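Undergrad: Structure below; questions to follow.
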Amino acid sequence: MLTLCIDTAYKYLTCALIKDDKVISSYSEACFKRQSEEVFHALENVFTSAEVNRREIDSICISSGPGSYTGVRIAMTIAKVIGQILPCEVYTVSTLRLYAGNRKNCLSLMDARAGRAYVAIFDEGKTVLADTILPVEEISAEDHNVIGDGSLLGKEDDYGDIARSFLAVKPYWHKVEEIAYLVPDYLKESESYLK
Amino acid sequence: MIERMKKEDLDEIVIIENEAFTKPWDRDYFIHEIDENEFSELYVYRVDNEIIGYVDLWYMFENCDLTKIAIKRDFRHHGYGNRLLNEAMKIAKDKGSEFMHLEVDVNNEDAIRLYRKNHFEVVRTREKYYENQDDAYDMVCGLIGNATRKVLAIESSCDETACAIIDENRHVYSSVVTSQIDVHARFGGVIPEVASRMHVEQISTIVDQAICQSGLTIDEIDAIAYTIGPGLIGSLHVGATAAKSLAFFYDKPLIGVHHLKGHIFVNEMIKPLEYPLMALVVSGGHTELVYVENDNSFKIIGTTLDDAIGEAYDKVARIMHEAYPGGPVIDRLAKEGKMSYQLPTPKVGDLNFSFSGLKNAVNTLVKKETEKGNEINKNDLAFSFQETALRFLVNKTKKALEQYPCKCLVLAGGVAANSRLRELMQENFKDIDLILPPLKYCTDNALMIACAALHYLKYGKVVSLVASSKPGMSIED
């Protein structure tokens, strides 16, 4: 199975082609708020270096949030349109799980602004704390490996090798049954934008 | 036989060059073209080992410029020119060019006939282009597809998600629109984040429906178009990403269309437009008088200095505690009303508009009457506001046509659906070819983007996959 993986949810733009259990090409750069412009350049890059025809893919796997609203929608729009038109299978994975990969006892963290953070805890992929949004002061890094916006907790920011992480979390890819109904996991409701 | 030109060919080439052109290139120039100019490719046409013609092609991104074509004198008028031109077009197409462009002296009738026969169209006249003061035509020909190219277009600039497929004959294969208006009505206006979320929900279904209903496969479509601006940035991103996805995976040229050009060109669904043309563009975000000299030249000669007309309708409706969107509500109330409230006609210089003063006058009037304990007659207030605002629009349009005489006047944009505006236009513009868009084309749709895209395609105006969306784009860009 040949899968195109795309993460545009947050600070990075990552694309990878995974054939069975191997990353055959990948592209990743810090690209905050420029993913919309750069994503097709990155896709071109991974297809060209893998010498693979674009329409040979069997599936697309994307990070479906949480993250920057605009960012999450970019990969999701590509997956929804191509998944439905080509057609091909679509898989999603939580952005927090993607960052965590198969690390042990890993706290995955992302700034949600206004003193809050998106957070989840995984132990070698197993969910310890499911994706949620919490005030930063309620989150403790003690006894955890921290991935993502570590600087929120006085540590280094570190997002790992996102292309490899796509492969690491493959057992947790969620298959989308009805592509038409696929929407991002914003974790914040749109109504919160009306106040 | 057509093959790449070599330096050994130059003895023969220079002879043909000298007999064919009044300002011929010299040998050194040809050597420069062969050795130095990385954009250039020269081909010779050989018959029985004799060079009888040649052509110079410059590749500039998706465009191929035919900078020179010549046939040896004794071989002219035997169809060799046609053969050489066809070969050149094939070479350029195989190289990935999407368009071929050339310049020709307007007096060179034989050449122009040859180009026209091969589907080149005149896109511009360059005055006094040649040393002898002769004018030149710029001619362009698309290299992709056949005479009836098909475009798939996506619109997502505000609160409609839409996809349509049409061809150059304006045959509509499909046009699918879904509106978010019911959702935004709950909030009294379009909330940008809510709009973006609904676009991403709808986008794949809308595109899929448009393709299924068309009975075509994507391989049969020649270009993908989308609204590049103006509009809400988050909404524009969704349509842009969808269009780019199709262009990328199916290897199609991509066209970024200005939303308001769509509103203007959709009038071609009624009949071909004649130029110069005046467009009165009226919507929730725009109130503009646009002078359209030809289908590639747009000049804003009047614009609103504050609120757009549609915005004024929405705000006045809110003052009157009526529902969003305000346009249809006020139009309906006014049908039962009369001119019983005196509202000031906006005073603005030149061909510009202003509606905030009028809106404030309505607000003040409602406050005063309420304080006095008088009940507002909503029908009469709607009538008074609408007459004042629309007559102001009509009078500015008259003034614009005095300053910029035109063959054709078109009404464009969402407010073009207003029944009273349509009546006033018909009453006031009897001496000009007036085109009113059918109601179904007034609100945002993708058909309009496809109509405009065909004009972009004609001029070879394509964008790359890294093109940014432009929320504040001007129609003159």
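If you're wondering about the labels, chains in the structure tokens are A, B, ... by order shown, residues count from 1 in each chain, ligands from 1 in order shown.
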List the spatial neighbours of Ile34 of chain B as a list in words - criterion: any atom at most 12 Å away, only C-alpha atoms, same-chain residues fewer than 2 positions off excluded.
TA: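 Here the answer would be Arg4, Met5, Lys6, Lys7, Glu8, Asp9, Leu10, Arg27, Asp28, Tyr29, Phe30, Ile31, His32, Glu36, Asn37, Glu38, Phe39, Ser40, Glu41, Leu42, Tyr43, Asp56, Leu57 and Trp58 of chain B.
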Undergrad: Kindly assemble as CSV a list of the chain B residues that lie within 12 Å of chain A, each paired with its nearest atom pair and their distance in Å to one decimal, using only C-alpha atoms, sorted first by chain and then by ascending residue number.
TA:
```
residue,atom,partner,partner_atom,distance
B:Ile154,CA,A:Val81,CA,11.9
B:Val183,CA,A:Glu191,CA,11.7
B:His184,CA,A:Leu194,CA,11.1
B:Arg186,CA,A:Leu194,CA,11.0
B:Phe187,CA,A:Leu194,CA,8.2
B:Gly188,CA,A:Leu194,CA,11.1
B:Gly189,CA,A:Leu194,CA,10.9
B:Val190,CA,A:Leu194,CA,10.6
B:Ile191,CA,A:Leu194,CA,7.6
B:Pro192,CA,A:Tyr193,CA,9.3
B:Glu193,CA,A:Ser190,CA,7.0
B:Val194,CA,A:Ser190,CA,6.1
B:Ala195,CA,A:Ser190,CA,9.8
B:Ser196,CA,A:Thr70,CA,8.3
B:Arg197,CA,A:Ser190,CA,8.1
B:Met198,CA,A:Val183,CA,9.2
B:His199,CA,A:Thr77,CA,9.3
B:Val200,CA,A:Thr77,CA,6.2
B:Glu201,CA,A:Val183,CA,5.9
B:Gln202,CA,A:Ala180,CA,7.2
B:Ile203,CA,A:Val81,CA,7.2
B:Ser204,CA,A:Val81,CA,4.6
B:Thr205,CA,A:Ala180,CA,5.7
B:Ile206,CA,A:Ala180,CA,9.4
B:Val207,CA,A:Val81,CA,7.4
B:Asp208,CA,A:Ile85,CA,6.2
B:Gln209,CA,A:Ile85,CA,9.9
B:Ala210,CA,A:Ile85,CA,10.8
B:Ile211,CA,A:Ile85,CA,8.6
B:Cys212,CA,A:Ile85,CA,9.7
B:Thr217,CA,A:Ile85,CA,9.9
B:Ile218,CA,A:Ile85,CA,8.9
B:Asp219,CA,A:Leu86,CA,11.3
B:Ile233,CA,A:Thr70,CA,9.4
B:Gly234,CA,A:Thr70,CA,6.5
B:Ser235,CA,A:Thr70,CA,9.4
B:Leu236,CA,A:Ser36,CA,10.6
B:His237,CA,A:Ser36,CA,7.1
B:Val238,CA,A:Thr77,CA,6.5
B:Gly239,CA,A:Thr77,CA,8.6
B:Ala240,CA,A:Ser36,CA,8.7
B:Thr241,CA,A:Thr77,CA,6.5
B:Ala242,CA,A:Thr77,CA,6.0
B:Ala243,CA,A:Val81,CA,9.0
B:Lys244,CA,A:Phe40,CA,7.7
B:Ser245,CA,A:Ile78,CA,5.7
B:Leu246,CA,A:Ile82,CA,7.3
B:Ala247,CA,A:Phe40,CA,10.0
B:Phe248,CA,A:Phe40,CA,7.3
B:Phe249,CA,A:Arg54,CA,5.9
B:Tyr250,CA,A:Arg55,CA,7.9
B:Asp251,CA,A:Arg54,CA,9.3
B:Val463,CA,A:Glu37,CA,11.9
B:Ser464,CA,A:Phe40,CA,9.7
B:Leu465,CA,A:Phe40,CA,6.2
B:Val466,CA,A:Glu37,CA,4.5
B:Ala467,CA,A:Glu37,CA,6.2
B:Ser468,CA,A:Glu37,CA,5.8
B:Ser469,CA,A:Glu37,CA,8.6
B:Lys470,CA,A:Glu37,CA,11.8
```
Undergrad: Write down as a PyMOL selection string the residues of segment 126-191 of chain A whose backbone DSSP state falls under strand (DSSP E or B).
TA: chain A and resi 126-135+145-148+158+174-175
Undergrad: Calculated over only C-alpha atoms, which of the candidates B:Tyr226, B:Tyr173, B:Phe429, B:Phe99 has the smallest distance to Val140 of chain B?
TA: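 The closest residue to Val140 of chain B is B:Phe99.
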Undergrad: Just checking: using only C-alpha atoms, which residue out of A:Ile133, A:Ser108, A:Leu167, A:Thr48 ends up closest to Val146 of chain A?
TA: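 Among the listed residues, the smallest separation from Val146 of chain A belongs to A:Ser108.
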Undergrad: Taking only C-alpha atoms into account, name the residue in B:Leu381, B:Leu277, B:Ala334, B:Ile475 that is nearest to Tyr404 of chain B.
TA: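 Among the listed residues, the smallest separation from Tyr404 of chain B belongs to B:Leu277.
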Undergrad: Leaving out segment 261-276 of chain B and any residue of its chain fewer than 3 positions from it, which residues lie within 8 Å of it when counting only C-alpha atoms, given as number ranges by chain?
TA: B: 170, 257-258, 279, 281, 291-295, 405-408, 410-413, 435-437, 441-442, 444, 447-452, 475
Undergrad: Okay, now the selection with C-alpha atoms, as a CSV table (one decimal), in the first residue's frame?
TA:
```
chain,number,residue,atom,x,y,z
B,170,ARG,CA,-20.9,28.4,-22.6
B,257,VAL,CA,-10.0,34.3,-11.1
B,258,HIS,CA,-11.0,37.7,-9.6
B,279,ALA,CA,-20.3,47.3,-15.2
B,281,VAL,CA,-21.0,45.9,-9.5
B,291,TYR,CA,-15.0,50.5,-17.1
B,292,VAL,CA,-14.1,47.4,-19.2
B,293,GLU,CA,-12.3,48.5,-22.3
B,294,ASN,CA,-11.9,44.9,-23.5
B,295,ASP,CA,-12.1,41.6,-21.8
B,405,PRO,CA,-19.3,56.2,-23.6
B,406,CYS,CA,-19.9,52.4,-23.8
B,407,LYS,CA,-21.7,49.9,-26.1
B,408,CYS,CA,-23.0,47.9,-23.3
B,410,VAL,CA,-24.1,45.2,-17.3
B,411,LEU,CA,-25.4,44.9,-13.8
B,412,ALA,CA,-23.4,42.5,-11.6
B,413,GLY,CA,-23.3,41.1,-8.1
B,435,ILE,CA,-27.8,43.3,-19.7
B,436,LEU,CA,-29.4,42.2,-16.4
B,437,PRO,CA,-28.2,38.9,-15.1
B,441,TYR,CA,-26.6,34.1,-11.5
B,442,CYS,CA,-26.7,37.0,-9.1
B,444,ASP,CA,-22.3,33.7,-5.8
B,447,LEU,CA,-20.4,29.2,-13.2
B,448,MET,CA,-19.4,32.8,-13.1
B,449,ILE,CA,-15.9,31.9,-12.1
B,450,ALA,CA,-15.8,29.4,-15.0
B,451,CYS,CA,-17.1,32.1,-17.5
B,452,ALA,CA,-14.3,34.5,-16.4
B,475,ILE,CA,-10.2,44.1,-10.1
```
Undergrad: Mind pulling up the distance from atom CA of Gly460 of chain B to atom CA of Met60 of chain B?
TA: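 Rounded to one decimal, the two atoms are 11.6 Å apart.
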Undergrad: Record the distance separating atom CA of Lys396 of chain B and atom CA of Asp433 of chain B, expressed in Å with one decimal.
TA: 17.6 Å
Undergrad: Please measure the separation of atom CA of Leu424 of chain B and atom CA of Arg318 of chain B, giving the value in Å to one decimal.
TA: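 About the pair atom CA of Leu424 of chain B and atom CA of Arg318 of chain B: they are 25.0 Å apart.
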Undergrad: Please provide as a PyMOL selection string all residues within 12 Å of Gly154 of chain A, with the sequence filter that same-chain residues fewer than 5 positions apart are discarded (counting only C-alpha atoms).
TA: chain A and resi 136-137+139-142+146+149
Undergrad: Output the selection as a PDB file, in the first residue's frame - C-alpha atoms for each residue.
TA:
```pdb
ATOM      1  CA  VAL A 136      -1.305  25.522  30.922  1.00  0.00           C
ATOM      2  CA  GLU A 137      -0.874  25.781  34.720  1.00  0.00           C
ATOM      3  CA  ILE A 139      -0.286  20.619  32.999  1.00  0.00           C
ATOM      4  CA  SER A 140       2.809  19.118  34.592  1.00  0.00           C
ATOM      5  CA  ALA A 141       5.766  17.748  32.657  1.00  0.00           C
ATOM      6  CA  GLU A 142       6.988  15.692  35.605  1.00  0.00           C
ATOM      7  CA  VAL A 146       7.502  16.210  26.444  1.00  0.00           C
ATOM      8  CA  ASP A 149       5.533  23.129  22.444  1.00  0.00           C
TER       9      ASP A 149
END
```
Undergrad: Segment 15-141 of chain A: which residues are alpha helix (DSSP H) by DSSP, as a PyMOL selection string?
TA: chain A and resi 35-50+69-85+95-100
Undergrad: Which residues are near segment 298-314 of chain B? Cut-off 9 Å, only C-alpha atoms, ignore same chain within fewer than 4 positions. Put them as a VMD selection string.
TA: chain B and resid 188 to 189 261 282 to 294 318 to 319 322 to 330 348 350 to 356 358 to 359 385 to 386 389 to 390 396 400 414 to 415 474 to 477
Undergrad: Those same residues - C-alpha atoms - I'd like them written as a PDB file, in the first residue's frame.
TA:
```pdb
ATOM      1  CA  GLY B 188     -26.963  38.327  11.695  1.00  0.00           C
ATOM      2  CA  GLY B 189     -24.004  38.183   9.325  1.00  0.00           C
ATOM      3  CA  LYS B 261     -14.838  39.527 -13.014  1.00  0.00           C
ATOM      4  CA  VAL B 282     -23.213  45.836  -6.474  1.00  0.00           C
ATOM      5  CA  SER B 283     -22.897  43.309  -3.649  1.00  0.00           C
ATOM      6  CA  GLY B 284     -22.443  42.911   0.072  1.00  0.00           C
ATOM      7  CA  GLY B 285     -18.756  43.745  -0.202  1.00  0.00           C
ATOM      8  CA  HIS B 286     -18.542  45.963  -3.287  1.00  0.00           C
ATOM      9  CA  THR B 287     -20.091  48.949  -4.993  1.00  0.00           C
ATOM     10  CA  GLU B 288     -18.049  49.796  -8.045  1.00  0.00           C
ATOM     11  CA  LEU B 289     -18.376  51.286 -11.482  1.00  0.00           C
ATOM     12  CA  VAL B 290     -15.941  49.391 -13.658  1.00  0.00           C
ATOM     13  CA  TYR B 291     -15.002  50.538 -17.149  1.00  0.00           C
ATOM     14  CA  VAL B 292     -14.143  47.448 -19.170  1.00  0.00           C
ATOM     15  CA  GLU B 293     -12.288  48.527 -22.292  1.00  0.00           C
ATOM     16  CA  ASN B 294     -11.909  44.947 -23.464  1.00  0.00           C
ATOM     17  CA  ARG B 318     -30.909  45.484  11.514  1.00  0.00           C
ATOM     18  CA  ILE B 319     -31.957  49.006  12.577  1.00  0.00           C
ATOM     19  CA  GLU B 322     -35.510  42.736  10.410  1.00  0.00           C
ATOM     20  CA  ALA B 323     -33.651  39.565   9.466  1.00  0.00           C
ATOM     21  CA  TYR B 324     -30.306  39.082   7.719  1.00  0.00           C
ATOM     22  CA  PRO B 325     -29.681  39.317   4.797  1.00  0.00           C
ATOM     23  CA  GLY B 326     -31.300  42.736   4.491  1.00  0.00           C
ATOM     24  CA  GLY B 327     -31.551  43.004   0.709  1.00  0.00           C
ATOM     25  CA  PRO B 328     -34.512  40.707   0.032  1.00  0.00           C
ATOM     26  CA  VAL B 329     -36.316  41.871   3.216  1.00  0.00           C
ATOM     27  CA  ILE B 330     -36.181  45.575   2.357  1.00  0.00           C
ATOM     28  CA  VAL B 348     -19.993  62.491  -2.974  1.00  0.00           C
ATOM     29  CA  ASP B 350     -16.706  62.237  -8.948  1.00  0.00           C
ATOM     30  CA  LEU B 351     -18.214  58.847  -9.672  1.00  0.00           C
ATOM     31  CA  ASN B 352     -17.814  57.570  -6.126  1.00  0.00           C
ATOM     32  CA  PHE B 353     -20.460  56.287  -3.731  1.00  0.00           C
ATOM     33  CA  SER B 354     -21.181  56.564  -0.020  1.00  0.00           C
ATOM     34  CA  PHE B 355     -23.882  54.873   2.008  1.00  0.00           C
ATOM     35  CA  SER B 356     -22.920  55.332   5.645  1.00  0.00           C
ATOM     36  CA  LEU B 358     -27.786  57.400   4.514  1.00  0.00           C
ATOM     37  CA  LYS B 359     -27.634  54.505   6.982  1.00  0.00           C
ATOM     38  CA  PHE B 385     -34.277  54.113   1.927  1.00  0.00           C
ATOM     39  CA  GLN B 386     -34.348  51.913  -1.159  1.00  0.00           C
ATOM     40  CA  ALA B 389     -30.010  54.515  -2.383  1.00  0.00           C
ATOM     41  CA  LEU B 390     -30.901  53.036  -5.761  1.00  0.00           C
ATOM     42  CA  LYS B 396     -23.890  57.908 -10.859  1.00  0.00           C
ATOM     43  CA  ALA B 400     -20.240  57.488 -15.716  1.00  0.00           C
ATOM     44  CA  GLY B 414     -25.725  39.922  -5.447  1.00  0.00           C
ATOM     45  CA  VAL B 415     -27.681  43.200  -5.275  1.00  0.00           C
ATOM     46  CA  SER B 474      -8.548  44.884  -6.834  1.00  0.00           C
ATOM     47  CA  ILE B 475     -10.250  44.145 -10.139  1.00  0.00           C
ATOM     48  CA  GLU B 476      -7.487  46.155 -11.803  1.00  0.00           C
ATOM     49  CA  ASP B 477      -4.782  43.674 -10.624  1.00  0.00           C
TER      50      ASP B 477
END
```
Undergrad: Can you pull out the residues contacting Ala453 of chain B? Cut-off 8 Å, using only C-alpha atoms, and skip same-chain residues under 4 positions away; I want them as a PDB file with N, CA and C atoms, in the first residue's frame.
TA:
```
ATOM      1  N   VAL B 151     -13.675  23.989 -18.643  1.00  0.00           N
ATOM      2  CA  VAL B 151     -13.090  24.478 -17.393  1.00  0.00           C
ATOM      3  C   VAL B 151     -13.931  24.003 -16.212  1.00  0.00           C
ATOM      4  N   ALA B 153     -14.567  25.015 -12.356  1.00  0.00           N
ATOM      5  CA  ALA B 153     -14.290  26.157 -11.491  1.00  0.00           C
ATOM      6  C   ALA B 153     -14.865  25.941 -10.096  1.00  0.00           C
ATOM      7  N   ALA B 225     -10.141  26.200 -12.406  1.00  0.00           N
ATOM      8  CA  ALA B 225     -10.169  27.603 -11.999  1.00  0.00           C
ATOM      9  C   ALA B 225     -10.718  27.723 -10.582  1.00  0.00           C
ATOM     10  N   ILE B 255      -6.099  28.387 -12.914  1.00  0.00           N
ATOM     11  CA  ILE B 255      -6.464  29.775 -13.195  1.00  0.00           C
ATOM     12  C   ILE B 255      -7.042  30.416 -11.943  1.00  0.00           C
ATOM     13  N   GLY B 256      -6.451  31.513 -11.496  1.00  0.00           N
ATOM     14  CA  GLY B 256      -6.929  32.237 -10.309  1.00  0.00           C
ATOM     15  C   GLY B 256      -7.792  33.414 -10.749  1.00  0.00           C
ATOM     16  N   VAL B 257      -9.085  33.318 -10.501  1.00  0.00           N
ATOM     17  CA  VAL B 257     -10.040  34.291 -11.057  1.00  0.00           C
ATOM     18  C   VAL B 257     -10.428  35.348 -10.017  1.00  0.00           C
ATOM     19  N   ILE B 449     -17.332  31.985 -12.196  1.00  0.00           N
ATOM     20  CA  ILE B 449     -15.867  31.876 -12.132  1.00  0.00           C
ATOM     21  C   ILE B 449     -15.369  31.154 -13.392  1.00  0.00           C
ATOM     22  N   LEU B 457      -7.932  32.086 -19.747  1.00  0.00           N
ATOM     23  CA  LEU B 457      -7.326  31.014 -20.546  1.00  0.00           C
ATOM     24  C   LEU B 457      -6.917  31.541 -21.921  1.00  0.00           C
TER      25      LEU B 457
END
```
Undergrad: Using only C-alpha atoms, determine which residues lie at most 6 Å from segment 105-113 of chain B, disregarding the query and same-chain residues fewer than 2 positions distant; provide the list as a list in words.
TA: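 In the requested format, the answer is Tyr115, Arg116, Asp135, Ala136 and Tyr137 of chain B.
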Undergrad: Closest to Cys5 of chain A among A:Asp123, A:Glu89, A:Glu51, A:Glu156, using only C-alpha atoms?
TA: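 Selected residue with least distance to Cys5 of chain A: A:Glu89.
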